[in-house]
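Working notes, structure below.
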Amino acid sequence: MKKIAVLVSGNGSNLQALINSCKNKKIKNGKIDLVISSNEKAFALERAKREHIKTFIVNKKSFENTNKFNNELLNILKQNEPDLVVLAGFIHILSKQLIEHFKNKIINIHPSLIPAFCGKGYFGINVHQKAIERGVKISGATVHFVNEIADDGPIIIQKSVEVNPNDTAQSLQKKIMEQAEWVILPQAVEWFCSDKLKIKNKTVYIDRMEN
Ligand code: GRF
C-alpha cells in the first residue's frame, strides 16, 4: 500500500475525490497518509480531519522568506516520506530541492488540456477565463508529473470537456472539475500506486494489463 501526501490550498474538492476513491476502492493500492495545507482556513483541512487524516499547515506568510517556507515543506514531507505527493489545488511553486528529492513521485492536476492554457499565470479561474476568451470548443483537465518547469512534466492522463456558447469561466470551471478532474486524478493515483506508470523521455506509458 503506497503512502500518499496531498498538498492543498483551498476547497479541496480534488482531495475529496481522492478520499471517496479510497473508500470505494477505485484507489486500491494507495492510502492518504497526510494533508499539507498552505492556508489554515482551507476547507480541505476539514475534509481531511473528518477522515482522521493527519494535517499540517505551512502558511507562506508566516515565514521570513521563501527559503524557510520551502524548507519547512520539505522537512514535513521528509519526516513522513510518502511514496507519492499529489498537488491538488496547491498554489505555490515547489522548490528544486523538493522536486529533486521526490523525483517522478509528484503529480499535479491542471484544469486545461496541457499545453493549452498552462504555465506562468495560468491558475484558478484565470485558466477558464482565457479559454472562454479564446473561444475554444473543448477544454478539460490534465494530470502530469511535476518537473522544475510549471505544468511541463510528463502527461499521465487528460480528459476533454465541451465548451458551449453560453459557458462562463465559472460554469466551465465547475464542469471541468465534475466531469474531468474528479475522474482523472483518482485514476492517475491508482495507476501510480499500482506501479503501472513508466516514464520514457517525456512520455508516460501505462501498463493496462490486469494483474
Ligand atoms: C482545481 O481546479 C485544480 O485543477 C487546480 O486548482 C483547483 C483546486 O480545487 N489546480 P480544489 O481545491 O481541489 O477544490
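Identifiers in the C-alpha cells: chain A, B, ... in order shown; residue index from 1 per chain; ligand index from 1 in order shown.
All residues, whether protein, DNA or RNA, that have an atom at most 6 Å from ligand 1 (counting only C-alpha atoms and all ligand atoms) are Gly10, Asn11, Gly12, Ser13, Asn14, Leu15, Ala88, Gly89, Ile109, His110, Pro111 and Gly124 of chain A.
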For region 127-144 of chain A, work out the shell of residues within 6 Å, counting only C-alpha atoms and skipping chain neighbours fewer than 4 positions away, then give it as a PDB file with all heavy atoms, in the first residue's frame.
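Okay, this is what ended up in selection19.pdb:
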```pdb
ATOM      1  N   ILE A 107       2.735  14.434  -8.544  1.00  0.00           N
ATOM      2  CA  ILE A 107       1.821  14.675  -9.662  1.00  0.00           C
ATOM      3  C   ILE A 107       0.939  15.886  -9.363  1.00  0.00           C
ATOM      4  O   ILE A 107       0.694  16.237  -8.214  1.00  0.00           O
ATOM      5  CB  ILE A 107       0.973  13.430 -10.024  1.00  0.00           C
ATOM      6  CG1 ILE A 107      -0.010  13.070  -8.921  1.00  0.00           C
ATOM      7  CG2 ILE A 107       1.860  12.241 -10.362  1.00  0.00           C
ATOM      8  CD1 ILE A 107      -0.968  11.935  -9.312  1.00  0.00           C
ATOM      9  N   ASN A 108       0.480  16.528 -10.428  1.00  0.00           N
ATOM     10  CA  ASN A 108      -0.326  17.746 -10.313  1.00  0.00           C
ATOM     11  C   ASN A 108      -1.557  17.618 -11.203  1.00  0.00           C
ATOM     12  O   ASN A 108      -1.500  16.987 -12.255  1.00  0.00           O
ATOM     13  CB  ASN A 108       0.529  18.940 -10.780  1.00  0.00           C
ATOM     14  CG  ASN A 108      -0.232  20.254 -10.705  1.00  0.00           C
ATOM     15  OD1 ASN A 108      -0.883  20.560  -9.703  1.00  0.00           O
ATOM     16  ND2 ASN A 108      -0.161  21.041 -11.776  1.00  0.00           N
ATOM     17  N   ILE A 109      -2.655  18.245 -10.756  1.00  0.00           N
ATOM     18  CA  ILE A 109      -3.839  18.329 -11.625  1.00  0.00           C
ATOM     19  C   ILE A 109      -3.966  19.771 -12.103  1.00  0.00           C
ATOM     20  O   ILE A 109      -3.898  20.702 -11.305  1.00  0.00           O
ATOM     21  CB  ILE A 109      -5.114  17.847 -10.885  1.00  0.00           C
ATOM     22  CG1 ILE A 109      -6.392  18.068 -11.710  1.00  0.00           C
ATOM     23  CG2 ILE A 109      -5.305  18.507  -9.538  1.00  0.00           C
ATOM     24  CD1 ILE A 109      -6.872  16.876 -12.434  1.00  0.00           C
ATOM     25  N   HIS A 110      -4.102  19.912 -13.420  1.00  0.00           N
ATOM     26  CA  HIS A 110      -4.240  21.259 -14.001  1.00  0.00           C
ATOM     27  C   HIS A 110      -5.544  21.310 -14.806  1.00  0.00           C
ATOM     28  O   HIS A 110      -5.818  20.399 -15.597  1.00  0.00           O
ATOM     29  CB  HIS A 110      -3.035  21.566 -14.903  1.00  0.00           C
ATOM     30  CG  HIS A 110      -3.101  22.944 -15.471  1.00  0.00           C
ATOM     31  ND1 HIS A 110      -2.778  24.070 -14.729  1.00  0.00           N
ATOM     32  CD2 HIS A 110      -3.506  23.391 -16.679  1.00  0.00           C
ATOM     33  CE1 HIS A 110      -2.972  25.142 -15.473  1.00  0.00           C
ATOM     34  NE2 HIS A 110      -3.410  24.768 -16.661  1.00  0.00           N
ATOM     35  N   PRO A 111      -6.318  22.393 -14.636  1.00  0.00           N
ATOM     36  CA  PRO A 111      -7.646  22.405 -15.278  1.00  0.00           C
ATOM     37  C   PRO A 111      -7.671  22.908 -16.728  1.00  0.00           C
ATOM     38  O   PRO A 111      -8.453  23.786 -17.080  1.00  0.00           O
ATOM     39  CB  PRO A 111      -8.454  23.324 -14.355  1.00  0.00           C
ATOM     40  CG  PRO A 111      -7.458  24.281 -13.834  1.00  0.00           C
ATOM     41  CD  PRO A 111      -6.149  23.533 -13.730  1.00  0.00           C
ATOM     42  N   SER A 112      -6.797  22.354 -17.559  1.00  0.00           N
ATOM     43  CA  SER A 112      -6.878  22.599 -19.008  1.00  0.00           C
ATOM     44  C   SER A 112      -6.199  21.431 -19.700  1.00  0.00           C
ATOM     45  O   SER A 112      -5.567  20.589 -19.041  1.00  0.00           O
ATOM     46  CB  SER A 112      -6.169  23.903 -19.409  1.00  0.00           C
ATOM     47  OG  SER A 112      -4.771  23.726 -19.408  1.00  0.00           O
ATOM     48  N   LEU A 113      -6.338  21.393 -21.020  1.00  0.00           N
ATOM     49  CA  LEU A 113      -5.640  20.365 -21.788  1.00  0.00           C
ATOM     50  C   LEU A 113      -4.244  20.893 -22.108  1.00  0.00           C
ATOM     51  O   LEU A 113      -4.056  21.634 -23.066  1.00  0.00           O
ATOM     52  CB  LEU A 113      -6.426  20.035 -23.070  1.00  0.00           C
ATOM     53  CG  LEU A 113      -7.802  19.392 -22.857  1.00  0.00           C
ATOM     54  CD1 LEU A 113      -8.548  19.265 -24.183  1.00  0.00           C
ATOM     55  CD2 LEU A 113      -7.683  18.029 -22.176  1.00  0.00           C
ATOM     56  N   PHE A 117      -3.313  26.768 -22.286  1.00  0.00           N
ATOM     57  CA  PHE A 117      -3.710  27.470 -21.061  1.00  0.00           C
ATOM     58  C   PHE A 117      -2.991  26.950 -19.814  1.00  0.00           C
ATOM     59  O   PHE A 117      -3.626  26.511 -18.854  1.00  0.00           O
ATOM     60  CB  PHE A 117      -5.242  27.395 -20.874  1.00  0.00           C
ATOM     61  CG  PHE A 117      -5.978  27.816 -22.105  1.00  0.00           C
ATOM     62  CD1 PHE A 117      -6.715  26.895 -22.840  1.00  0.00           C
ATOM     63  CD2 PHE A 117      -5.888  29.119 -22.567  1.00  0.00           C
ATOM     64  CE1 PHE A 117      -7.372  27.278 -24.006  1.00  0.00           C
ATOM     65  CE2 PHE A 117      -6.541  29.512 -23.730  1.00  0.00           C
ATOM     66  CZ  PHE A 117      -7.282  28.591 -24.449  1.00  0.00           C
ATOM     67  N   TYR A 122      -1.251  30.972 -15.261  1.00  0.00           N
ATOM     68  CA  TYR A 122      -2.477  30.201 -15.511  1.00  0.00           C
ATOM     69  C   TYR A 122      -2.843  29.380 -14.283  1.00  0.00           C
ATOM     70  O   TYR A 122      -2.395  28.251 -14.121  1.00  0.00           O
ATOM     71  CB  TYR A 122      -2.308  29.287 -16.724  1.00  0.00           C
ATOM     72  CG  TYR A 122      -2.363  30.041 -18.035  1.00  0.00           C
ATOM     73  CD1 TYR A 122      -1.201  30.454 -18.667  1.00  0.00           C
ATOM     74  CD2 TYR A 122      -3.585  30.347 -18.618  1.00  0.00           C
ATOM     75  CE1 TYR A 122      -1.245  31.158 -19.861  1.00  0.00           C
ATOM     76  CE2 TYR A 122      -3.644  31.046 -19.812  1.00  0.00           C
ATOM     77  CZ  TYR A 122      -2.481  31.447 -20.421  1.00  0.00           C
ATOM     78  OH  TYR A 122      -2.546  32.147 -21.604  1.00  0.00           O
ATOM     79  N   PHE A 123      -3.632  29.995 -13.424  1.00  0.00           N
ATOM     80  CA  PHE A 123      -4.115  29.258 -12.257  1.00  0.00           C
ATOM     81  C   PHE A 123      -5.526  29.735 -11.927  1.00  0.00           C
ATOM     82  O   PHE A 123      -5.943  30.822 -12.347  1.00  0.00           O
ATOM     83  CB  PHE A 123      -3.169  29.432 -11.052  1.00  0.00           C
ATOM     84  CG  PHE A 123      -2.975  30.869 -10.658  1.00  0.00           C
ATOM     85  CD1 PHE A 123      -3.856  31.484  -9.764  1.00  0.00           C
ATOM     86  CD2 PHE A 123      -1.939  31.609 -11.190  1.00  0.00           C
ATOM     87  CE1 PHE A 123      -3.688  32.815  -9.417  1.00  0.00           C
ATOM     88  CE2 PHE A 123      -1.770  32.944 -10.846  1.00  0.00           C
ATOM     89  CZ  PHE A 123      -2.645  33.548  -9.964  1.00  0.00           C
ATOM     90  N   GLY A 153       5.780  18.814 -16.926  1.00  0.00           N
ATOM     91  CA  GLY A 153       6.213  17.419 -16.756  1.00  0.00           C
ATOM     92  C   GLY A 153       5.412  16.433 -17.600  1.00  0.00           C
ATOM     93  O   GLY A 153       4.385  16.786 -18.185  1.00  0.00           O
ATOM     94  N   PRO A 154       5.877  15.182 -17.682  1.00  0.00           N
ATOM     95  CA  PRO A 154       5.216  14.153 -18.476  1.00  0.00           C
ATOM     96  C   PRO A 154       3.726  14.003 -18.138  1.00  0.00           C
ATOM     97  O   PRO A 154       3.346  13.934 -16.969  1.00  0.00           O
ATOM     98  CB  PRO A 154       5.984  12.879 -18.112  1.00  0.00           C
ATOM     99  CG  PRO A 154       7.320  13.355 -17.686  1.00  0.00           C
ATOM    100  CD  PRO A 154       7.109  14.680 -17.029  1.00  0.00           C
ATOM    101  N   ILE A 155       2.897  13.936 -19.182  1.00  0.00           N
ATOM    102  CA  ILE A 155       1.440  13.872 -19.020  1.00  0.00           C
ATOM    103  C   ILE A 155       1.000  12.428 -18.756  1.00  0.00           C
ATOM    104  O   ILE A 155       1.382  11.508 -19.486  1.00  0.00           O
ATOM    105  CB  ILE A 155       0.754  14.423 -20.285  1.00  0.00           C
ATOM    106  CG1 ILE A 155       0.996  15.945 -20.377  1.00  0.00           C
ATOM    107  CG2 ILE A 155      -0.742  14.112 -20.279  1.00  0.00           C
ATOM    108  CD1 ILE A 155       0.582  16.556 -21.705  1.00  0.00           C
ATOM    109  N   ILE A 156       0.193  12.243 -17.720  1.00  0.00           N
ATOM    110  CA  ILE A 156      -0.303  10.908 -17.367  1.00  0.00           C
ATOM    111  C   ILE A 156      -1.666  10.644 -17.988  1.00  0.00           C
ATOM    112  O   ILE A 156      -1.908   9.595 -18.587  1.00  0.00           O
ATOM    113  CB  ILE A 156      -0.390  10.752 -15.826  1.00  0.00           C
ATOM    114  CG1 ILE A 156       0.983  10.978 -15.188  1.00  0.00           C
ATOM    115  CG2 ILE A 156      -0.969   9.384 -15.450  1.00  0.00           C
ATOM    116  CD1 ILE A 156       0.950  11.122 -13.679  1.00  0.00           C
ATOM    117  N   ILE A 157      -2.584  11.585 -17.831  1.00  0.00           N
ATOM    118  CA  ILE A 157      -3.947  11.390 -18.348  1.00  0.00           C
ATOM    119  C   ILE A 157      -4.600  12.750 -18.580  1.00  0.00           C
ATOM    120  O   ILE A 157      -4.318  13.709 -17.850  1.00  0.00           O
ATOM    121  CB  ILE A 157      -4.793  10.499 -17.385  1.00  0.00           C
ATOM    122  CG1 ILE A 157      -6.195  10.219 -17.932  1.00  0.00           C
ATOM    123  CG2 ILE A 157      -4.842  11.043 -15.983  1.00  0.00           C
ATOM    124  CD1 ILE A 157      -7.017   9.182 -17.141  1.00  0.00           C
ATOM    125  N   GLN A 158      -5.444  12.801 -19.615  1.00  0.00           N
ATOM    126  CA  GLN A 158      -6.200  14.021 -19.895  1.00  0.00           C
ATOM    127  C   GLN A 158      -7.643  13.638 -20.181  1.00  0.00           C
ATOM    128  O   GLN A 158      -7.909  12.547 -20.678  1.00  0.00           O
ATOM    129  CB  GLN A 158      -5.637  14.744 -21.129  1.00  0.00           C
ATOM    130  CG  GLN A 158      -4.194  15.162 -20.930  1.00  0.00           C
ATOM    131  CD  GLN A 158      -3.670  16.002 -22.079  1.00  0.00           C
ATOM    132  OE1 GLN A 158      -3.505  15.492 -23.178  1.00  0.00           O
ATOM    133  NE2 GLN A 158      -3.384  17.266 -21.822  1.00  0.00           N
ATOM    134  N   LYS A 159      -8.560  14.576 -19.899  1.00  0.00           N
ATOM    135  CA  LYS A 159      -9.966  14.334 -20.261  1.00  0.00           C
ATOM    136  C   LYS A 159     -10.553  15.631 -20.775  1.00  0.00           C
ATOM    137  O   LYS A 159     -10.373  16.686 -20.162  1.00  0.00           O
ATOM    138  CB  LYS A 159     -10.736  13.816 -19.046  1.00  0.00           C
ATOM    139  CG  LYS A 159     -12.125  13.291 -19.395  1.00  0.00           C
ATOM    140  CD  LYS A 159     -12.734  12.509 -18.233  1.00  0.00           C
ATOM    141  CE  LYS A 159     -13.976  11.735 -18.641  1.00  0.00           C
ATOM    142  NZ  LYS A 159     -15.135  12.570 -18.905  1.00  0.00           N
ATOM    143  N   SER A 160     -11.237  15.535 -21.904  1.00  0.00           N
ATOM    144  CA  SER A 160     -11.784  16.751 -22.509  1.00  0.00           C
ATOM    145  C   SER A 160     -13.228  16.987 -22.085  1.00  0.00           C
ATOM    146  O   SER A 160     -13.939  16.057 -21.694  1.00  0.00           O
ATOM    147  CB  SER A 160     -11.690  16.652 -24.029  1.00  0.00           C
ATOM    148  OG  SER A 160     -12.491  15.577 -24.470  1.00  0.00           O
ATOM    149  N   VAL A 161     -13.609  18.248 -22.154  1.00  0.00           N
ATOM    150  CA  VAL A 161     -14.965  18.676 -21.809  1.00  0.00           C
ATOM    151  C   VAL A 161     -15.381  19.694 -22.871  1.00  0.00           C
ATOM    152  O   VAL A 161     -14.577  20.530 -23.271  1.00  0.00           O
ATOM    153  CB  VAL A 161     -14.963  19.335 -20.391  1.00  0.00           C
ATOM    154  CG1 VAL A 161     -16.252  20.070 -20.110  1.00  0.00           C
ATOM    155  CG2 VAL A 161     -14.677  18.295 -19.321  1.00  0.00           C
ATOM    156  N   GLU A 162     -16.622  19.591 -23.338  1.00  0.00           N
ATOM    157  CA  GLU A 162     -17.081  20.543 -24.364  1.00  0.00           C
ATOM    158  C   GLU A 162     -17.368  21.910 -23.776  1.00  0.00           C
ATOM    159  O   GLU A 162     -17.908  22.018 -22.683  1.00  0.00           O
ATOM    160  CB  GLU A 162     -18.360  20.009 -25.007  1.00  0.00           C
ATOM    161  CG  GLU A 162     -18.060  19.097 -26.173  1.00  0.00           C
ATOM    162  CD  GLU A 162     -19.312  18.712 -26.950  1.00  0.00           C
ATOM    163  OE1 GLU A 162     -20.185  19.568 -27.143  1.00  0.00           O
ATOM    164  OE2 GLU A 162     -19.369  17.532 -27.325  1.00  0.00           O
ATOM    165  N   VAL A 163     -17.004  22.936 -24.535  1.00  0.00           N
ATOM    166  CA  VAL A 163     -17.330  24.305 -24.121  1.00  0.00           C
ATOM    167  C   VAL A 163     -18.534  24.749 -24.955  1.00  0.00           C
ATOM    168  O   VAL A 163     -18.496  24.672 -26.190  1.00  0.00           O
ATOM    169  CB  VAL A 163     -16.136  25.257 -24.372  1.00  0.00           C
ATOM    170  CG1 VAL A 163     -16.452  26.659 -23.846  1.00  0.00           C
ATOM    171  CG2 VAL A 163     -14.857  24.703 -23.739  1.00  0.00           C
ATOM    172  N   ALA A 169     -16.654  31.476 -17.450  1.00  0.00           N
ATOM    173  CA  ALA A 169     -15.470  30.897 -16.808  1.00  0.00           C
ATOM    174  C   ALA A 169     -15.908  30.026 -15.626  1.00  0.00           C
ATOM    175  O   ALA A 169     -15.381  28.931 -15.426  1.00  0.00           O
ATOM    176  CB  ALA A 169     -14.529  32.009 -16.355  1.00  0.00           C
ATOM    177  N   ILE A 176     -15.523  21.245 -15.683  1.00  0.00           N
ATOM    178  CA  ILE A 176     -14.218  20.567 -15.791  1.00  0.00           C
ATOM    179  C   ILE A 176     -13.898  19.814 -14.508  1.00  0.00           C
ATOM    180  O   ILE A 176     -13.390  18.688 -14.546  1.00  0.00           O
ATOM    181  CB  ILE A 176     -13.111  21.564 -16.192  1.00  0.00           C
ATOM    182  CG1 ILE A 176     -13.317  21.978 -17.654  1.00  0.00           C
ATOM    183  CG2 ILE A 176     -11.717  20.975 -15.971  1.00  0.00           C
ATOM    184  CD1 ILE A 176     -12.337  23.001 -18.179  1.00  0.00           C
ATOM    185  N   ALA A 180     -14.109  16.037 -15.368  1.00  0.00           N
ATOM    186  CA  ALA A 180     -12.741  15.639 -15.709  1.00  0.00           C
ATOM    187  C   ALA A 180     -11.852  15.458 -14.472  1.00  0.00           C
ATOM    188  O   ALA A 180     -11.376  14.362 -14.205  1.00  0.00           O
ATOM    189  CB  ALA A 180     -12.124  16.660 -16.676  1.00  0.00           C
ATOM    190  N   GLU A 181     -11.650  16.519 -13.700  1.00  0.00           N
ATOM    191  CA  GLU A 181     -10.669  16.450 -12.612  1.00  0.00           C
ATOM    192  C   GLU A 181     -10.944  15.328 -11.622  1.00  0.00           C
ATOM    193  O   GLU A 181     -10.045  14.560 -11.270  1.00  0.00           O
ATOM    194  CB  GLU A 181     -10.619  17.790 -11.857  1.00  0.00           C
ATOM    195  CG  GLU A 181     -10.149  18.941 -12.719  1.00  0.00           C
ATOM    196  CD  GLU A 181      -9.980  20.229 -11.946  1.00  0.00           C
ATOM    197  OE1 GLU A 181      -9.481  20.200 -10.817  1.00  0.00           O
ATOM    198  OE2 GLU A 181     -10.341  21.287 -12.482  1.00  0.00           O
TER     199      GLU A 181
END
```
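In terms of minimum interatomic distance to Ile76 (chain A), A:Ala5 ranks closest within A:Cys22, A:Ile149, A:Ala5, A:Ala17, counting only C-alpha atoms.
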Phe102 (chain A) surroundings by only C-alpha atoms, 9 Å radius, close-in-sequence under 6 positions cut, as number ranges by chain: A: 82-85
Could you write out the selected residues, including N, CA, C and O atoms, as a PDB file, in the first residue's frame?
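Dumped to again23.pdb:
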```pdb
ATOM      1  N   PRO A  82       6.373  10.094   2.053  1.00  0.00           N
ATOM      2  CA  PRO A  82       5.323   9.471   1.240  1.00  0.00           C
ATOM      3  C   PRO A  82       5.895   8.849  -0.028  1.00  0.00           C
ATOM      4  O   PRO A  82       6.967   9.245  -0.492  1.00  0.00           O
ATOM      5  N   ASP A  83       5.164   7.887  -0.592  1.00  0.00           N
ATOM      6  CA  ASP A  83       5.568   7.301  -1.881  1.00  0.00           C
ATOM      7  C   ASP A  83       5.136   8.206  -3.026  1.00  0.00           C
ATOM      8  O   ASP A  83       5.719   8.170  -4.104  1.00  0.00           O
ATOM      9  N   LEU A  84       4.072   8.977  -2.784  1.00  0.00           N
ATOM     10  CA  LEU A  84       3.512   9.836  -3.826  1.00  0.00           C
ATOM     11  C   LEU A  84       3.073  11.160  -3.193  1.00  0.00           C
ATOM     12  O   LEU A  84       2.462  11.166  -2.121  1.00  0.00           O
ATOM     13  N   VAL A  85       3.392  12.248  -3.882  1.00  0.00           N
ATOM     14  CA  VAL A  85       2.939  13.581  -3.448  1.00  0.00           C
ATOM     15  C   VAL A  85       1.963  14.089  -4.513  1.00  0.00           C
ATOM     16  O   VAL A  85       2.317  14.157  -5.689  1.00  0.00           O
TER      17      VAL A  85
END
```
Interatomic distance, CA of Asn39 (chain A) to CA of Ser62 (chain A) (Å, one decimal): 10.5 Å
Backbone DSSP call of strand (DSSP E or B) for region 57-148 of chain A, listed as an NGL selection string: :A and (57 or 84-87 or 106-110 or 138-145)
Helix (DSSP H, G or I) residues, from DSSP on the backbone, in region 12-186 of chain A, as a ChimeraX atom specification: /A:13-23,43-49,60-62,66-80,96-101,125-134,169-186
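If you measure from each of A:Ile99, A:Ile93, A:Phe145, A:Asp151 to Pro115 (chain A) using only C-alpha atoms, the closest one turns out to be A:Asp151.
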Selection near Lys26 (chain A), 9 Å with only C-alpha atoms, sequence-local residues under 6 positions removed, as a ChimeraX atom specification: /A:20,186-187,190
All residues 10 Å or closer to Ile206 (chain A), only C-alpha atoms, same chain fewer than 5 positions away omitted, as number ranges by chain: A: 156-157, 188, 191-192, 195-199
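Here CA of Ile114 (chain A) is placed at a distance of 24.6 Å from CA of Gln97 (chain A).
Counting only C-alpha atoms and comparing A:Leu94, A:Ile125, A:Met209, A:Leu185, the residue that lies closest to Gln173 (chain A) is A:Ile125.
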